[in-house]
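**Q** Structure supplied as my_file-v3.cif; contents: mmCIF, C-alpha atoms.
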```cif
data_run
#
loop_
_atom_site.label_atom_id
_atom_site.label_comp_id
_atom_site.auth_asym_id
_atom_site.auth_seq_id
_atom_site.Cartn_x
_atom_site.Cartn_y
_atom_site.Cartn_z
CA MET M 1 104.19 45.65 50.57
CA ALA M 2 107.50 45.88 48.78
CA ASN M 3 109.77 48.80 49.47
CA GLU M 4 109.05 50.73 46.31
CA CYS M 5 110.91 53.95 45.72
CA ALA M 6 108.57 56.92 46.07
CA CYS M 7 110.98 59.58 44.84
CA MET M 8 109.54 59.88 41.33
CA GLY M 9 107.67 62.97 40.16
CA ALA M 10 105.47 65.04 42.40
CA PRO M 11 101.91 63.74 42.58
CA THR M 12 98.60 65.27 41.55
CA LEU M 13 96.52 65.49 44.70
CA ILE M 14 92.75 65.67 44.96
CA PHE M 15 91.01 67.06 48.02
CA SER M 16 87.29 66.71 48.52
CA CYS M 17 85.23 68.47 51.17
CA SER M 18 83.49 65.10 51.80
CA GLY M 19 80.94 67.01 53.81
CA ALA M 20 77.82 65.65 55.44
CA ALA M 21 75.39 66.97 52.82
CA ASP M 22 74.48 65.16 49.63
CA VAL M 23 76.86 67.30 47.60
CA GLY M 24 79.67 66.46 50.04
CA GLU M 25 79.14 62.82 49.19
CA VAL M 26 79.07 63.63 45.48
CA ALA M 27 82.43 65.42 45.87
CA ASP M 28 83.84 62.52 47.82
CA ARG M 29 82.74 59.88 45.32
CA ALA M 30 84.03 61.92 42.39
CA ALA M 31 87.44 62.26 44.07
CA ARG M 32 87.59 58.52 44.70
CA MET M 33 86.55 57.82 41.10
CA LEU M 34 89.35 60.03 39.74
CA THR M 35 91.82 58.29 42.03
CA LYS M 36 90.76 54.88 40.73
CA GLU M 37 91.17 56.19 37.19
CA GLY M 38 94.73 57.20 38.03
CA LEU M 39 94.22 60.89 37.34
CA GLY M 40 95.45 61.86 40.76
CA ARG M 41 95.44 60.74 44.32
CA MET M 42 92.73 61.60 46.79
CA TYR M 43 94.38 62.95 49.89
CA CYS M 44 93.19 63.64 53.41
CA LEU M 45 91.65 67.06 53.88
CA ALA M 46 91.46 66.39 57.62
CA GLY M 47 95.26 66.18 57.60
CA ILE M 48 95.37 69.72 56.26
CA GLY M 49 92.91 70.95 58.89
CA GLY M 50 94.83 69.10 61.59
CA ARG M 51 98.16 70.44 60.27
CA VAL M 52 99.65 66.95 60.07
CA SER M 53 103.15 67.87 58.97
CA GLY M 54 103.65 64.99 56.53
CA ILE M 55 100.38 65.72 54.78
CA VAL M 56 100.92 69.48 54.64
CA LYS M 57 104.48 69.12 53.32
CA THR M 58 103.46 66.53 50.73
CA THR M 59 100.69 68.87 49.58
CA GLU M 60 103.13 71.76 49.30
CA ALA M 61 105.33 69.56 47.11
CA ALA M 62 102.49 68.37 44.86
CA ASP M 63 102.66 68.96 41.16
CA ARG M 64 98.98 69.85 40.89
CA ILE M 65 96.14 70.10 43.35
CA LEU M 66 92.42 69.85 42.64
CA VAL M 67 90.01 70.89 45.37
CA ILE M 68 86.38 69.79 45.11
CA ASP M 69 83.80 71.56 47.25
CA GLY M 70 80.22 70.40 47.36
CA CYS M 71 78.63 73.69 48.35
CA PRO M 72 79.48 77.41 48.34
CA LEU M 73 80.76 77.30 51.92
CA ASP M 74 84.02 76.20 50.27
CA CYS M 75 85.28 74.35 53.34
CA ALA M 76 87.96 72.44 51.45
CA LYS M 77 89.25 75.54 49.69
CA ASN M 78 89.28 77.49 52.95
CA SER M 79 91.13 74.68 54.69
CA LEU M 80 93.92 74.80 52.12
CA ASP M 81 94.00 78.59 52.18
CA GLN M 82 94.35 78.65 55.95
CA ALA M 83 97.20 76.16 55.73
CA GLY M 84 98.96 78.55 53.34
CA ILE M 85 98.47 76.36 50.29
CA GLY M 86 97.15 78.63 47.59
CA ARG M 87 98.18 76.89 44.40
CA TYR M 88 95.23 74.74 43.33
CA ASN M 89 92.36 74.38 40.93
CA HIS M 90 88.98 74.70 42.56
CA LEU M 91 85.82 72.89 41.53
CA GLN M 92 82.62 74.13 43.12
CA LEU M 93 79.77 71.71 42.49
CA ALA M 94 77.13 74.45 42.84
CA ASP M 95 78.60 75.92 39.65
CA LEU M 96 77.54 72.71 37.89
CA GLY M 97 73.97 73.19 39.08
CA LEU M 98 74.31 70.65 41.88
CA ALA M 99 72.36 72.36 44.65
CA LYS M 100 72.85 71.36 48.25
CA GLY M 101 70.01 69.22 49.54
CA GLN M 102 68.69 68.59 46.05
CA SER M 103 71.52 66.57 44.53
CA PRO M 104 71.64 62.97 45.68
CA ALA M 105 74.94 61.15 45.40
CA ASN M 106 73.78 59.00 42.52
CA ASP M 107 75.87 57.88 39.55
CA GLU M 108 74.58 60.68 37.35
CA ASN M 109 75.61 63.48 39.70
CA VAL M 110 78.93 61.86 40.56
CA SER M 111 79.68 61.46 36.84
CA ARG M 112 78.89 65.14 36.24
CA ALA M 113 81.27 66.19 38.98
CA ALA M 114 83.96 63.79 37.82
CA ALA M 115 83.66 64.92 34.20
CA GLN M 116 84.29 68.53 35.17
CA ALA M 117 87.15 67.49 37.42
CA ARG M 118 88.74 65.50 34.58
CA GLU M 119 88.57 68.55 32.37
CA MET M 120 90.24 70.66 35.03
CA LEU M 121 92.97 68.07 35.41
CA GLY M 122 93.57 68.18 31.68
CA ALA M 123 92.32 64.66 31.06
CA GLY M 124 89.39 66.04 29.05
CA CYS M 125 91.87 67.22 26.44
CA LEU M 126 93.27 63.72 26.10
CA THR M 127 89.81 62.21 25.67
CA MET M 128 88.95 64.77 23.02
CA ALA M 129 92.18 64.14 21.18
CA LEU M 130 91.68 60.40 20.87
CA PRO M 131 88.94 60.36 18.18
CA SER M 132 90.81 62.78 15.94
CA ALA M 133 93.96 60.68 16.34
CA LYS M 134 92.06 57.72 14.91
CA ALA M 135 90.71 59.74 11.97
CA MET G 1 118.86 65.07 71.76
CA LYS G 2 117.39 65.73 68.33
CA LYS G 3 115.91 62.78 66.53
CA ILE G 4 116.50 63.10 62.80
CA GLN G 5 114.39 60.79 60.70
CA ILE G 6 115.10 60.10 57.05
CA LEU G 7 112.06 58.68 55.30
CA GLY G 8 113.00 56.85 52.15
CA THR G 9 113.35 53.41 50.74
CA GLY G 10 117.06 53.68 50.11
CA CYS G 11 117.50 55.20 46.66
CA ALA G 12 120.32 57.61 45.81
CA LYS G 13 118.32 60.70 46.83
CA CYS G 14 117.44 59.14 50.17
CA LYS G 15 121.07 58.29 50.85
CA LYS G 16 122.15 61.79 49.92
CA LEU G 17 119.62 63.31 52.30
CA ALA G 18 120.87 61.04 55.10
CA GLU G 19 124.48 61.99 54.41
CA ASN G 20 123.64 65.68 54.36
CA ALA G 21 121.59 65.43 57.54
CA GLU G 22 124.46 63.72 59.32
CA ALA G 23 126.87 66.39 58.09
CA ALA G 24 124.50 69.19 59.13
CA ALA G 25 124.12 67.84 62.65
CA LYS G 26 127.87 67.36 63.01
CA GLN G 27 128.62 70.86 61.76
CA LEU G 28 126.24 72.27 64.35
CA GLY G 29 127.79 70.09 67.03
CA LEU G 30 124.35 68.74 67.73
CA GLU G 31 123.73 65.70 69.84
CA HIS G 32 121.50 63.64 67.59
CA ASP G 33 120.12 60.29 66.66
CA LEU G 34 119.73 59.72 62.93
CA VAL G 35 117.18 57.08 62.03
CA LYS G 36 116.53 55.76 58.52
CA ILE G 37 112.97 54.64 58.00
CA THR G 38 112.89 52.50 54.87
CA ASP G 39 109.69 50.51 55.20
CA ILE G 40 107.05 52.09 52.98
CA ASN G 41 104.29 51.25 55.46
CA GLU G 42 106.17 53.03 58.21
CA ILE G 43 106.82 55.98 55.91
CA MET G 44 103.12 56.26 55.11
CA LYS G 45 102.32 56.54 58.81
CA TYR G 46 103.81 60.03 58.59
CA GLY G 47 101.31 60.97 55.89
CA VAL G 48 104.14 61.30 53.41
CA MET G 49 103.53 60.32 49.80
CA MET G 50 106.87 61.32 48.32
CA THR G 51 110.37 60.52 49.40
CA PRO G 52 112.92 61.34 50.52
CA ALA G 53 111.46 63.18 53.47
CA LEU G 54 113.09 64.69 56.49
CA ALA G 55 111.47 64.71 59.90
CA ILE G 56 112.91 66.16 63.07
CA ASP G 57 111.53 64.83 66.32
CA GLY G 58 108.63 63.38 64.32
CA ASP G 59 107.70 66.62 62.59
CA VAL G 60 108.02 66.40 58.81
CA LYS G 61 110.03 69.35 57.51
CA SER G 62 110.52 68.50 53.87
CA VAL G 63 109.16 66.09 51.28
CA GLY G 64 110.56 65.01 47.91
CA LYS G 65 113.89 66.81 48.14
CA ALA G 66 117.46 65.83 48.87
CA LEU G 67 118.07 68.96 50.92
CA SER G 68 121.52 70.51 51.09
CA VAL G 69 123.54 70.59 54.30
CA ASP G 70 122.75 74.28 54.76
CA GLU G 71 119.03 73.75 54.23
CA ILE G 72 119.00 71.02 56.85
CA LYS G 73 121.00 73.15 59.27
CA ALA G 74 118.27 75.78 59.06
CA PHE G 75 115.75 73.20 60.28
CA LEU G 76 118.04 71.99 63.05
CA LYS G 77 118.86 75.40 64.53
#
```
Represent the supplied structure as structure tokens.

**A**
Amino acid sequence: MANECACMGAPTLIFSCSGAADVGEVADRAARMLTKEGLGRMYCLAGIGGRVSGIVKTTEAADRILVIDGCPLDCAKNSLDQAGIGRYNHLQLADLGLAKGQSPANDENVSRAAAQAREMLGAGCLTMALPSAKA
Amino acid sequence: MKKIQILGTGCAKCKKLAENAEAAAKQLGLEHDLVKITDINEIMKYGVMMTPALAIDGDVKSVGKALSVDEIKAFLK
């Protein structure tokens, strides 16, 4: 890989609980989808829990942070809180009606989670603005 | 001996951080080894996604900032 400068603007980071339950997988897949779309960069929640200094410091320096939790245990949110990182947007999939144990990680559920996440990241505004720009 | 690591690919901000780190260590009279890590793959091994970054004895202290001499001294004390 070329030595590209990485000193441009602070990144948007996305943390997913990526838990063992179905909704953990939904959260994980949504985070990866948003990363592929370029809306942010999925980052390692385990690095926050493990207090890996490079990951914690990068997170502290992030422009925006989106945290996606699959269930109301809010493991991802609590992990960031306990690391002293309190500046984030929080998406709780239960609030979208995705109940733990009853929400398989299929395309429909992942798309629902990703759509809400896009809106929280502000990308929903861009999508809505496009049709009117054409008119 | 303190190991001061500057993580950055060599842009102006990275060079400034290295200069300031060297000055900070000298002002404190600290025995040190300043290492510039410029390979992006090596930088990513620290979990860092923004540069420049400052690590001391392998522990990342700052990311994305060209810290001042005084700020670096605070980490070295």

**Q** May I ask for the distance between atom CA of G:Ala66 and atom CA of M:Tyr43, given in Å to one decimal place?

**A**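 Between these atoms lies a distance of 23.3 Å.
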
**Q** Taking 4 positions as the minimum chain separation for residues in the same chain, which residues sit within 7 Å of stretch 99-106 of chain M when counting all atoms listed in the file? Answer as a PyMOL selection string.

**A** chain M and resi 21-23+25-26+71+94+110

**Q** Using the chain letters and residue numbers of this document, give as a PyMOL selection string the residues selected by the PyMOL selection byres ((chain G) within 8 of (chain M)).

**A** chain G and resi 8-11+13+38-41+46-52+59-64

**Q** Could you list, as a JSON list (two decimals) with C-alpha atoms, in the coordinates of the input, every residue matched by the PyMOL selection byres ((chain M and resi 27) around 6) in this structure?

**A**
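As written to disk, result.json reads:
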```json
[["chain", "number", "residue", "atom", "x", "y", "z"],
["M", 16, "SER", "CA", 87.29, 66.71, 48.52],
["M", 24, "GLY", "CA", 79.67, 66.46, 50.04],
["M", 25, "GLU", "CA", 79.14, 62.82, 49.19],
["M", 26, "VAL", "CA", 79.07, 63.63, 45.48],
["M", 28, "ASP", "CA", 83.84, 62.52, 47.82],
["M", 29, "ARG", "CA", 82.74, 59.88, 45.32],
["M", 30, "ALA", "CA", 84.03, 61.92, 42.39],
["M", 68, "ILE", "CA", 86.38, 69.79, 45.11],
["M", 70, "GLY", "CA", 80.22, 70.40, 47.36]]
```

**Q** Excluding G:Leu30 and residues on its chain fewer than 5 positions from it, collect all residues at most 8 Å away from it, counting all atoms listed in the file, and give them as a ChimeraX atom specification.

**A** /G:1-2,25

**Q** Enumerate, as a ChimeraX atom specification, the protein, DNA and RNA residues whose atoms approach (118.3, 56.8, 56.2) to within 10 Å, taking into account only C-alpha atoms and the coordinate frame of the file.

**A** /G:4-11,14-19,21-22,34-38,52-54

**Q** Quick check, in Å to one decimal: how far apart do atom CA of M:Leu13 and atom CA of M:Gly50 lie?

**A**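 Pair atom CA of M:Leu13 / atom CA of M:Gly50 returns 17.4 Å.
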
**Q** Would you mind reading off the distance between atom CA of M:Arg32 and atom CA of M:Val67, one decimal, in Å?

**A**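 Between atom CA of M:Arg32 and atom CA of M:Val67 the gap works out to 12.6 Å.
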
**Q** Some atoms are missing, so please complete stretch 42-64 of chain M with N, CA and C atoms and return it as a PDB file, in the coordinates of the input.

**A**
```pdb
ATOM      1  N   MET M  42      93.504  60.948  45.738  1.00  0.00           N
ATOM      2  CA  MET M  42      92.730  61.600  46.790  1.00  0.00           C
ATOM      3  C   MET M  42      93.581  61.634  48.059  1.00  0.00           C
ATOM      4  N   TYR M  43      93.538  62.774  48.718  1.00  0.00           N
ATOM      5  CA  TYR M  43      94.380  62.950  49.890  1.00  0.00           C
ATOM      6  C   TYR M  43      93.527  63.485  51.025  1.00  0.00           C
ATOM      7  N   CYS M  44      94.023  63.396  52.235  1.00  0.00           N
ATOM      8  CA  CYS M  44      93.190  63.640  53.410  1.00  0.00           C
ATOM      9  C   CYS M  44      93.060  65.133  53.750  1.00  0.00           C
ATOM     10  N   LEU M  45      91.884  65.662  53.528  1.00  0.00           N
ATOM     11  CA  LEU M  45      91.650  67.060  53.880  1.00  0.00           C
ATOM     12  C   LEU M  45      91.756  67.278  55.392  1.00  0.00           C
ATOM     13  N   ALA M  46      91.366  66.262  56.153  1.00  0.00           N
ATOM     14  CA  ALA M  46      91.460  66.390  57.620  1.00  0.00           C
ATOM     15  C   ALA M  46      92.917  66.583  58.052  1.00  0.00           C
ATOM     16  N   GLY M  47      93.829  66.009  57.292  1.00  0.00           N
ATOM     17  CA  GLY M  47      95.260  66.180  57.600  1.00  0.00           C
ATOM     18  C   GLY M  47      95.712  67.614  57.401  1.00  0.00           C
ATOM     19  N   ILE M  48      95.066  68.293  56.470  1.00  0.00           N
ATOM     20  CA  ILE M  48      95.370  69.720  56.260  1.00  0.00           C
ATOM     21  C   ILE M  48      94.799  70.521  57.437  1.00  0.00           C
ATOM     22  N   GLY M  49      93.544  70.244  57.767  1.00  0.00           N
ATOM     23  CA  GLY M  49      92.910  70.950  58.890  1.00  0.00           C
ATOM     24  C   GLY M  49      93.651  70.706  60.194  1.00  0.00           C
ATOM     25  N   GLY M  50      94.120  69.466  60.370  1.00  0.00           N
ATOM     26  CA  GLY M  50      94.830  69.100  61.590  1.00  0.00           C
ATOM     27  C   GLY M  50      96.300  69.451  61.553  1.00  0.00           C
ATOM     28  N   ARG M  51      96.748  70.026  60.431  1.00  0.00           N
ATOM     29  CA  ARG M  51      98.160  70.440  60.270  1.00  0.00           C
ATOM     30  C   ARG M  51      99.100  69.264  60.526  1.00  0.00           C
ATOM     31  N   VAL M  52      98.758  68.111  59.983  1.00  0.00           N
ATOM     32  CA  VAL M  52      99.650  66.950  60.070  1.00  0.00           C
ATOM     33  C   VAL M  52     100.835  67.244  59.138  1.00  0.00           C
ATOM     34  N   SER M  53     102.007  67.332  59.720  1.00  0.00           N
ATOM     35  CA  SER M  53     103.150  67.870  58.970  1.00  0.00           C
ATOM     36  C   SER M  53     103.433  67.104  57.679  1.00  0.00           C
ATOM     37  N   GLY M  54     103.364  65.785  57.728  1.00  0.00           N
ATOM     38  CA  GLY M  54     103.650  64.990  56.530  1.00  0.00           C
ATOM     39  C   GLY M  54     102.663  65.260  55.413  1.00  0.00           C
ATOM     40  N   ILE M  55     101.419  65.463  55.778  1.00  0.00           N
ATOM     41  CA  ILE M  55     100.380  65.720  54.780  1.00  0.00           C
ATOM     42  C   ILE M  55     100.507  67.149  54.230  1.00  0.00           C
ATOM     43  N   VAL M  56     100.765  68.098  55.102  1.00  0.00           N
ATOM     44  CA  VAL M  56     100.920  69.480  54.640  1.00  0.00           C
ATOM     45  C   VAL M  56     102.145  69.606  53.732  1.00  0.00           C
ATOM     46  N   LYS M  57     103.252  69.007  54.123  1.00  0.00           N
ATOM     47  CA  LYS M  57     104.480  69.120  53.320  1.00  0.00           C
ATOM     48  C   LYS M  57     104.344  68.393  51.995  1.00  0.00           C
ATOM     49  N   THR M  58     103.688  67.238  52.000  1.00  0.00           N
ATOM     50  CA  THR M  58     103.460  66.530  50.730  1.00  0.00           C
ATOM     51  C   THR M  58     102.586  67.370  49.817  1.00  0.00           C
ATOM     52  N   THR M  59     101.588  68.029  50.389  1.00  0.00           N
ATOM     53  CA  THR M  59     100.690  68.870  49.580  1.00  0.00           C
ATOM     54  C   THR M  59     101.459  70.056  48.999  1.00  0.00           C
ATOM     55  N   GLU M  60     102.319  70.639  49.800  1.00  0.00           N
ATOM     56  CA  GLU M  60     103.130  71.760  49.300  1.00  0.00           C
ATOM     57  C   GLU M  60     104.021  71.331  48.134  1.00  0.00           C
ATOM     58  N   ALA M  61     104.422  70.063  48.144  1.00  0.00           N
ATOM     59  CA  ALA M  61     105.330  69.560  47.110  1.00  0.00           C
ATOM     60  C   ALA M  61     104.604  68.982  45.903  1.00  0.00           C
ATOM     61  N   ALA M  62     103.274  68.991  45.943  1.00  0.00           N
ATOM     62  CA  ALA M  62     102.490  68.370  44.860  1.00  0.00           C
ATOM     63  C   ALA M  62     102.686  69.111  43.548  1.00  0.00           C
ATOM     64  N   ASP M  63     102.573  68.357  42.483  1.00  0.00           N
ATOM     65  CA  ASP M  63     102.660  68.960  41.160  1.00  0.00           C
ATOM     66  C   ASP M  63     101.410  69.778  40.871  1.00  0.00           C
ATOM     67  N   ARG M  64     100.259  69.159  41.089  1.00  0.00           N
ATOM     68  CA  ARG M  64      98.980  69.850  40.890  1.00  0.00           C
ATOM     69  C   ARG M  64      98.031  69.460  42.005  1.00  0.00           C
TER      70      ARG M  64
END
```
